[in-house]
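Trainee: Starting off with a structure, shown below.
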Amino acid sequence: MAAEDLPSEFDVVILGTGLAESVVAAACSRVGQRVLHLDRRSYYAANWASFTFNGLLTWIQEQNSQTEEVRDWSSLLEEGEELLHLSDTDSASITNLQVFCYTKGAGEEEFSHDVFIRSDFQTVTFLNQSQAAQTPGEEPEAARPHPSAAQSQSEPTRKKLSYAQLVKEGRRFNIDLVSKLLFSRGSLVDLLIKSNVSRYAEFKNVTRILTYRHGNMEQVPCSRADVFASRQLLVVEKRKLMRFLNSCMEETEEQQAYNGRPYLDFLRDQQLGDNLQHFLLHSIAMVTEDTPTEEGLASTRHFLRCLGRYGNTPFLFPVYGLGEIPQCFCRMCAVFGGTYCLRHSVHCLIVDRDTNRYDAAHTGVCVFLSRAVLITDASVLPGESDQQVSMVTVPPAAAGGPTVKMVELCSSTMTCVPGTYLVHLTCQSTGSAHQDLSPVVTMMFRTTESEEPGNEHGRPFVLWCFYFNMADGSAVEVEGHQLPCNVYVCSGPDGSLGHEHAVKQAEFIFHKILPDEDFCPPAPNPEDIIYDGDEGAAGQEENQGEQESDL
């Protein structure tokens with residue numbers, strides 16, 4: 001379609017193709033609104049995007065060279081109007097990019113190219129791999145997990161992919177900028193089913209939940225079948241766990257008496273041992289020790305309600321990566337008439353000075369997440385099958401520290417090539433991503449810096465890793481920015497494991513725009529759609545049918 005044939009008037013204009021924005025676009029288009037959806041980037045999903053390996057390398061280079069162009073748009077103003085300037089870069093949301101490559105080049109010894117270390121968006125320095133120092137705070141060797149001699153002898157020699165092979169097979173990787181899972185009874189899954197957007201995507205069940213404890217990786221028994229099949233728990237512990245899980249599904253007066261007190265206190269008073277307390281706190285409720293009991297119990301109930309709907313864990317993961325989900329909603333918007341333009345920036349908004357006052361100087365406190373993406377040569381817990389999708393919790397090493405959530409993906413998720421695993425690590429930032437997460441990487445994985453002679457078959461080897469900090473979208477409010485009355489703000493990804501924040505935000509914005517409309521109603525069956533020109537024929541057939549029935 002030529003540019004002059006495109007529509008020039010729209011009911012809703014949406015900037016950015018992140019998850020919340022894409023859901024709003026689909027919901028508005030579905031109820032007949034004329035939607036224009038723009039993104040300054042050349043790809044969909046913004047900070048929710050998935051990249052091939054080669055595409056991610058290009059994205060990293062673009063982030064390091066990103067500059068914001070300042071232009072004067074005052075000539076467009078008429079009397080009584082003001083400009084609301086918009087940012088053209090991601091400089092506020094992505095910081096501290098660092099890349100390390102530990103595998104070898106094709107036919108070479110150690111691959112020794114320079115890798116990016118970016119401390120901010122004004123200063124870019126370079127670090128050669130040979131200059132990388134051992135990370136402070138590494139766990140002592142004695143505390144690291146070591147396989148038994150029999151296990152080491154039984155494991156076949158793992159062939160490491162070279163950097164050249166990673167680049168050659170780069171199109172077979174789908175690497176997410178954000179690491180999340182879908183709760184099987186969460187708001188996103190319900191929305192996908194309700195709107196029929198689920199037909200645009202495929203999903204794979206997360207097959208196991210793991211936790212890192214006392215230097216070992218352990219599988220968490222969460223379903224009834226897992227509990228009774230577990231070899232880690234004594235018979236008495238199995239009975240206690242099942243009794244507790246059954247009792248916590250309904251709120252009782254005993255539970256209410258602990259409101260405001262730490263969830264760990266409640267677990268201790270239930271006469272549960274250290275093993276069960278650890279599993280329940282970190283891997284089932286997935287909360288911290290000082291989380292209030294009412295929040296811990298609510299998280300536990302949500303986990304249990306999601307069990308069994310699609311598998312033996314509560315979680316699903318979209319095949320080809322999380323970047324598929326925003327694109328699915330964009331596809332729905334386009335099906336119902338939405339117009340899409342990538343590589344189109346909106347530099348400013350023109351607002352009426354009298355009726356749409358705003359405070360352009362308003363800023364908020366920005367909270368960050370620490371992220372790491374690893375490509376490894378083996379699973380953190382090898383099993384009978386090499387096609388395991390694992391959710392792992394790594395409790396804080398010290399009191400008050402952040403809990404690290406780790407998702408390990410296998411090649412059947414179409415996010416990495418056979419013989420490799422894609423590992424995502426996320427925690428709340430206390431420093432740069434490298435400072436926060438490199439001790440965990442060193443503790444659970446091997447690199448050329450931490451490799452131990454004679455232990456080549458132990459922990460998985462890191463072929464390539466990428467650290468960066470990302471703004472936590474939960475700190476952004478939709479309202480309260482004193483913006484024009486018809487302008488709303490969407491946030492980026494938040495630090496939670498699920499998608500509740502983005503979906504609730506999208507629904508809130510939709511009802512602000514269209515308070516009387518249904519949010520993402522089911523799409524009609526193709527047979528029920530009447531196209532232009534068919535309405536008259538359909539009416540004639542209906543009248544003819546009535547006449548025949550009268551006869």
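Naming works like this for the structure tokens: A, B, ... for the chains as they're shown, residue 1 at the start of each chain, ligands 1 onward in shown order.
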Skip Leu463 in chain A itself and residues of its chain fewer than 3 positions away, then list as a PyMOL selection string all residues within 8 Å of it, counting only C-alpha atoms.
Mentor: chain A and resi 101-103+160-163+374-377+447
Trainee: Report the closest atom pair, with its distance in Å rounded to one decimal, for each residue of range 255-333 of chain A that has an atom no farther than 10 Å from range 21-30 of chain A; count only C-alpha atoms, sort by chain and then rising residue number, and write it as CSV.
Mentor:
residue,atom,partner,partner_atom,distance
A:Ile325,CA,A:Ser22,CA,9.0
A:Pro326,CA,A:Ser22,CA,5.6
A:Gln327,CA,A:Ser22,CA,7.5
A:Cys328,CA,A:Ser22,CA,8.5
A:Phe329,CA,A:Ala26,CA,5.6
A:Cys330,CA,A:Ser22,CA,5.5
A:Arg331,CA,A:Ala26,CA,8.0
A:Met332,CA,A:Ala26,CA,5.7
A:Cys333,CA,A:Ala26,CA,4.1
Trainee: If you keep all heavy atoms, can you produce a file of those selected residues as a JSON list (two decimals), in the first residue's frame?
Mentor:
[["chain", "number", "residue", "atom", "x", "y", "z"],
["A", 325, "ILE", "N", 4.93, -13.22, 22.29],
["A", 325, "ILE", "CA", 3.64, -12.85, 22.87],
["A", 325, "ILE", "C", 3.20, -11.44, 22.44],
["A", 325, "ILE", "O", 2.07, -11.27, 21.96],
["A", 325, "ILE", "CB", 3.66, -12.97, 24.40],
["A", 325, "ILE", "CG1", 4.05, -14.40, 24.81],
["A", 325, "ILE", "CG2", 2.32, -12.60, 24.99],
["A", 325, "ILE", "CD1", 3.10, -15.47, 24.31],
["A", 326, "PRO", "N", 4.03, -10.39, 22.57],
["A", 326, "PRO", "CA", 3.59, -9.08, 22.06],
["A", 326, "PRO", "C", 3.27, -9.12, 20.57],
["A", 326, "PRO", "O", 2.32, -8.48, 20.12],
["A", 326, "PRO", "CB", 4.80, -8.17, 22.35],
["A", 326, "PRO", "CG", 5.51, -8.83, 23.49],
["A", 326, "PRO", "CD", 5.34, -10.30, 23.27],
["A", 327, "GLN", "N", 4.05, -9.89, 19.80],
["A", 327, "GLN", "CA", 3.79, -9.97, 18.37],
["A", 327, "GLN", "C", 2.44, -10.62, 18.08],
["A", 327, "GLN", "O", 1.77, -10.27, 17.10],
["A", 327, "GLN", "CB", 4.90, -10.76, 17.68],
["A", 327, "GLN", "CG", 6.24, -10.04, 17.67],
["A", 327, "GLN", "CD", 7.29, -10.76, 16.84],
["A", 327, "GLN", "OE1", 7.16, -10.87, 15.63],
["A", 327, "GLN", "NE2", 8.32, -11.25, 17.50],
["A", 328, "CYS", "N", 2.03, -11.58, 18.90],
["A", 328, "CYS", "CA", 0.72, -12.20, 18.73],
["A", 328, "CYS", "C", -0.40, -11.18, 18.89],
["A", 328, "CYS", "O", -1.37, -11.16, 18.10],
["A", 328, "CYS", "CB", 0.54, -13.33, 19.73],
["A", 328, "CYS", "SG", 1.57, -14.78, 19.40],
["A", 329, "PHE", "N", -0.30, -10.31, 19.88],
["A", 329, "PHE", "CA", -1.33, -9.29, 20.07],
["A", 329, "PHE", "C", -1.26, -8.23, 18.96],
["A", 329, "PHE", "O", -2.30, -7.71, 18.54],
["A", 329, "PHE", "CB", -1.18, -8.65, 21.45],
["A", 329, "PHE", "CG", -1.70, -9.51, 22.57],
["A", 329, "PHE", "CD1", -0.83, -10.26, 23.35],
["A", 329, "PHE", "CD2", -3.06, -9.59, 22.83],
["A", 329, "PHE", "CE1", -1.30, -11.08, 24.37],
["A", 329, "PHE", "CE2", -3.55, -10.41, 23.84],
["A", 329, "PHE", "CZ", -2.67, -11.15, 24.62],
["A", 330, "CYS", "N", -0.06, -7.93, 18.48],
["A", 330, "CYS", "CA", 0.05, -7.02, 17.33],
["A", 330, "CYS", "C", -0.63, -7.63, 16.11],
["A", 330, "CYS", "O", -1.27, -6.91, 15.32],
["A", 330, "CYS", "CB", 1.52, -6.74, 17.03],
["A", 330, "CYS", "SG", 2.37, -5.72, 18.25],
["A", 331, "ARG", "N", -0.49, -8.94, 15.94],
["A", 331, "ARG", "CA", -1.13, -9.60, 14.81],
["A", 331, "ARG", "C", -2.66, -9.50, 14.92],
["A", 331, "ARG", "O", -3.35, -9.26, 13.92],
["A", 331, "ARG", "CB", -0.69, -11.06, 14.76],
["A", 331, "ARG", "CG", -1.09, -11.79, 13.49],
["A", 331, "ARG", "CD", -0.46, -13.18, 13.43],
["A", 331, "ARG", "NE", 0.99, -13.09, 13.37],
["A", 331, "ARG", "CZ", 1.82, -13.65, 14.24],
["A", 331, "ARG", "NH1", 1.33, -14.34, 15.26],
["A", 331, "ARG", "NH2", 3.12, -13.52, 14.12],
["A", 332, "MET", "N", -3.17, -9.66, 16.13],
["A", 332, "MET", "CA", -4.62, -9.52, 16.32],
["A", 332, "MET", "C", -5.07, -8.10, 16.00],
["A", 332, "MET", "O", -6.11, -7.89, 15.35],
["A", 332, "MET", "CB", -4.99, -9.87, 17.76],
["A", 332, "MET", "CG", -6.46, -9.67, 18.09],
["A", 332, "MET", "SD", -6.83, -10.02, 19.82],
["A", 332, "MET", "CE", -8.55, -9.51, 19.89],
["A", 333, "CYS", "N", -4.30, -7.12, 16.42],
["A", 333, "CYS", "CA", -4.64, -5.72, 16.13],
["A", 333, "CYS", "C", -4.67, -5.49, 14.63],
["A", 333, "CYS", "O", -5.60, -4.85, 14.10],
["A", 333, "CYS", "CB", -3.62, -4.79, 16.80],
["A", 333, "CYS", "SG", -3.85, -3.04, 16.41]]
Trainee: Between A:Ser74, A:Ser179, A:Ser42, A:Gln61, single out the one closest to Leu97 in chain A, counting only C-alpha atoms.
Mentor: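 With only C-alpha atoms as the atom set, the closest residue is A:Gln61.
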Trainee: Please identify the alpha helix (DSSP H) residues within range 197-299 of chain A (assignment by DSSP from backbone atoms) and present them as a VMD selection string.
Mentor: chain A and resid 224 to 229 235 to 247 253 to 256 263 to 269 274 to 278 293 to 299
Trainee: Skip Leu188 in chain A itself and residues of its chain fewer than 2 positions away, then list as a count of residues only all residues within 8 Å of it, counting only C-alpha atoms.
Mentor: 9
Trainee: Counting only C-alpha atoms, figure out which residue out of A:Ser50, A:Ser283, A:Gln277, A:Ser438 gets nearest to Ser370 in chain A.
Mentor: A:Ser438
Trainee: Provide the CA of Thr58 in chain A to CA of Asp472 in chain A distance in Å, to one decimal place.
Mentor: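 Atom-to-atom, CA of Thr58 in chain A to CA of Asp472 in chain A, that is 23.6 Å.
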Trainee: Would you compute the distance between CA of Ser474 in chain A and CA of Ala506 in chain A? Give it in Å to one decimal.
Mentor: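 Separation of CA of Ser474 in chain A and CA of Ala506 in chain A: 13.2 Å.
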Trainee: Residues near Lys204 in chain A, anyone? I mean within 9 Å using only C-alpha atoms, not counting same-chain ones fewer than 3 positions away, as a PyMOL selection string.
Mentor: chain A and resi 207+315-319+389+412-413
Trainee: Which residues come within 9 Å of Gln505 in chain A, counting only C-alpha atoms, excluding same-chain residues fewer than 5 positions away, as a compact mmCIF listing (two decimals) with all heavy atoms, in the first residue's frame?
Mentor:
# COMPACT_ATOMS: atom_id res chain seq x y z
N ALA A 20 2.39 -4.55 27.22
CA ALA A 20 1.21 -3.77 27.63
C ALA A 20 0.67 -2.95 26.46
O ALA A 20 -0.55 -2.90 26.23
CB ALA A 20 1.56 -2.86 28.80
N VAL A 478 0.93 4.46 35.85
CA VAL A 478 0.18 4.87 34.65
C VAL A 478 -0.30 6.30 34.78
O VAL A 478 -0.27 7.07 33.82
CB VAL A 478 -1.02 3.93 34.43
CG1 VAL A 478 -1.90 4.42 33.29
CG2 VAL A 478 -0.53 2.52 34.16
N CYS A 490 2.76 3.53 29.65
CA CYS A 490 2.96 2.09 29.89
C CYS A 490 4.38 1.87 30.39
O CYS A 490 5.31 2.55 29.97
CB CYS A 490 2.76 1.29 28.60
SG CYS A 490 1.07 1.18 28.03
N SER A 491 4.54 0.90 31.25
CA SER A 491 5.87 0.59 31.77
C SER A 491 6.46 -0.59 31.01
O SER A 491 5.76 -1.30 30.29
CB SER A 491 5.81 0.26 33.26
OG SER A 491 5.07 -0.92 33.47
N GLU A 500 1.45 -10.52 35.41
CA GLU A 500 0.25 -9.88 35.97
C GLU A 500 0.31 -8.36 35.85
O GLU A 500 -0.69 -7.72 35.52
CB GLU A 500 0.08 -10.27 37.44
CG GLU A 500 0.23 -11.76 37.74
CD GLU A 500 -0.79 -12.60 37.01
OE1 GLU A 500 -1.96 -12.20 36.97
OE2 GLU A 500 -0.40 -13.65 36.44
N PHE A 510 -7.00 0.49 28.91
CA PHE A 510 -8.10 0.29 27.97
C PHE A 510 -9.42 0.82 28.53
O PHE A 510 -10.17 1.50 27.83
CB PHE A 510 -8.23 -1.20 27.65
CG PHE A 510 -9.43 -1.54 26.82
CD1 PHE A 510 -9.41 -1.37 25.45
CD2 PHE A 510 -10.59 -2.02 27.42
CE1 PHE A 510 -10.53 -1.67 24.67
CE2 PHE A 510 -11.72 -2.32 26.65
CZ PHE A 510 -11.68 -2.14 25.27
Trainee: Mind checking which residues fall within 12 Å of Leu281 in chain A, counting only C-alpha atoms, ignoring those fewer than 6 positions away in the same chain, and posting them as a list in words?
Mentor: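 Residues meeting the cut-off are Thr211, Val220, Pro262, Tyr263, Leu264, Asp265, Phe266, Leu267, Arg268, Leu272, Asp274, Asn275, Val287, Thr288, Glu289, Asp290, Thr291, Pro292, Thr293, Glu295, Gly296, Leu297, Ser299, Thr300, Phe303, Thr393, Val394, Pro395 and Thr403 of chain A.
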Trainee: Quick one: pull the distance between CA of Arg261 in chain A and CA of Glu237 in chain A, Å, one decimal.
Mentor: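 CA of Arg261 in chain A sits 24.5 Å away from CA of Glu237 in chain A.
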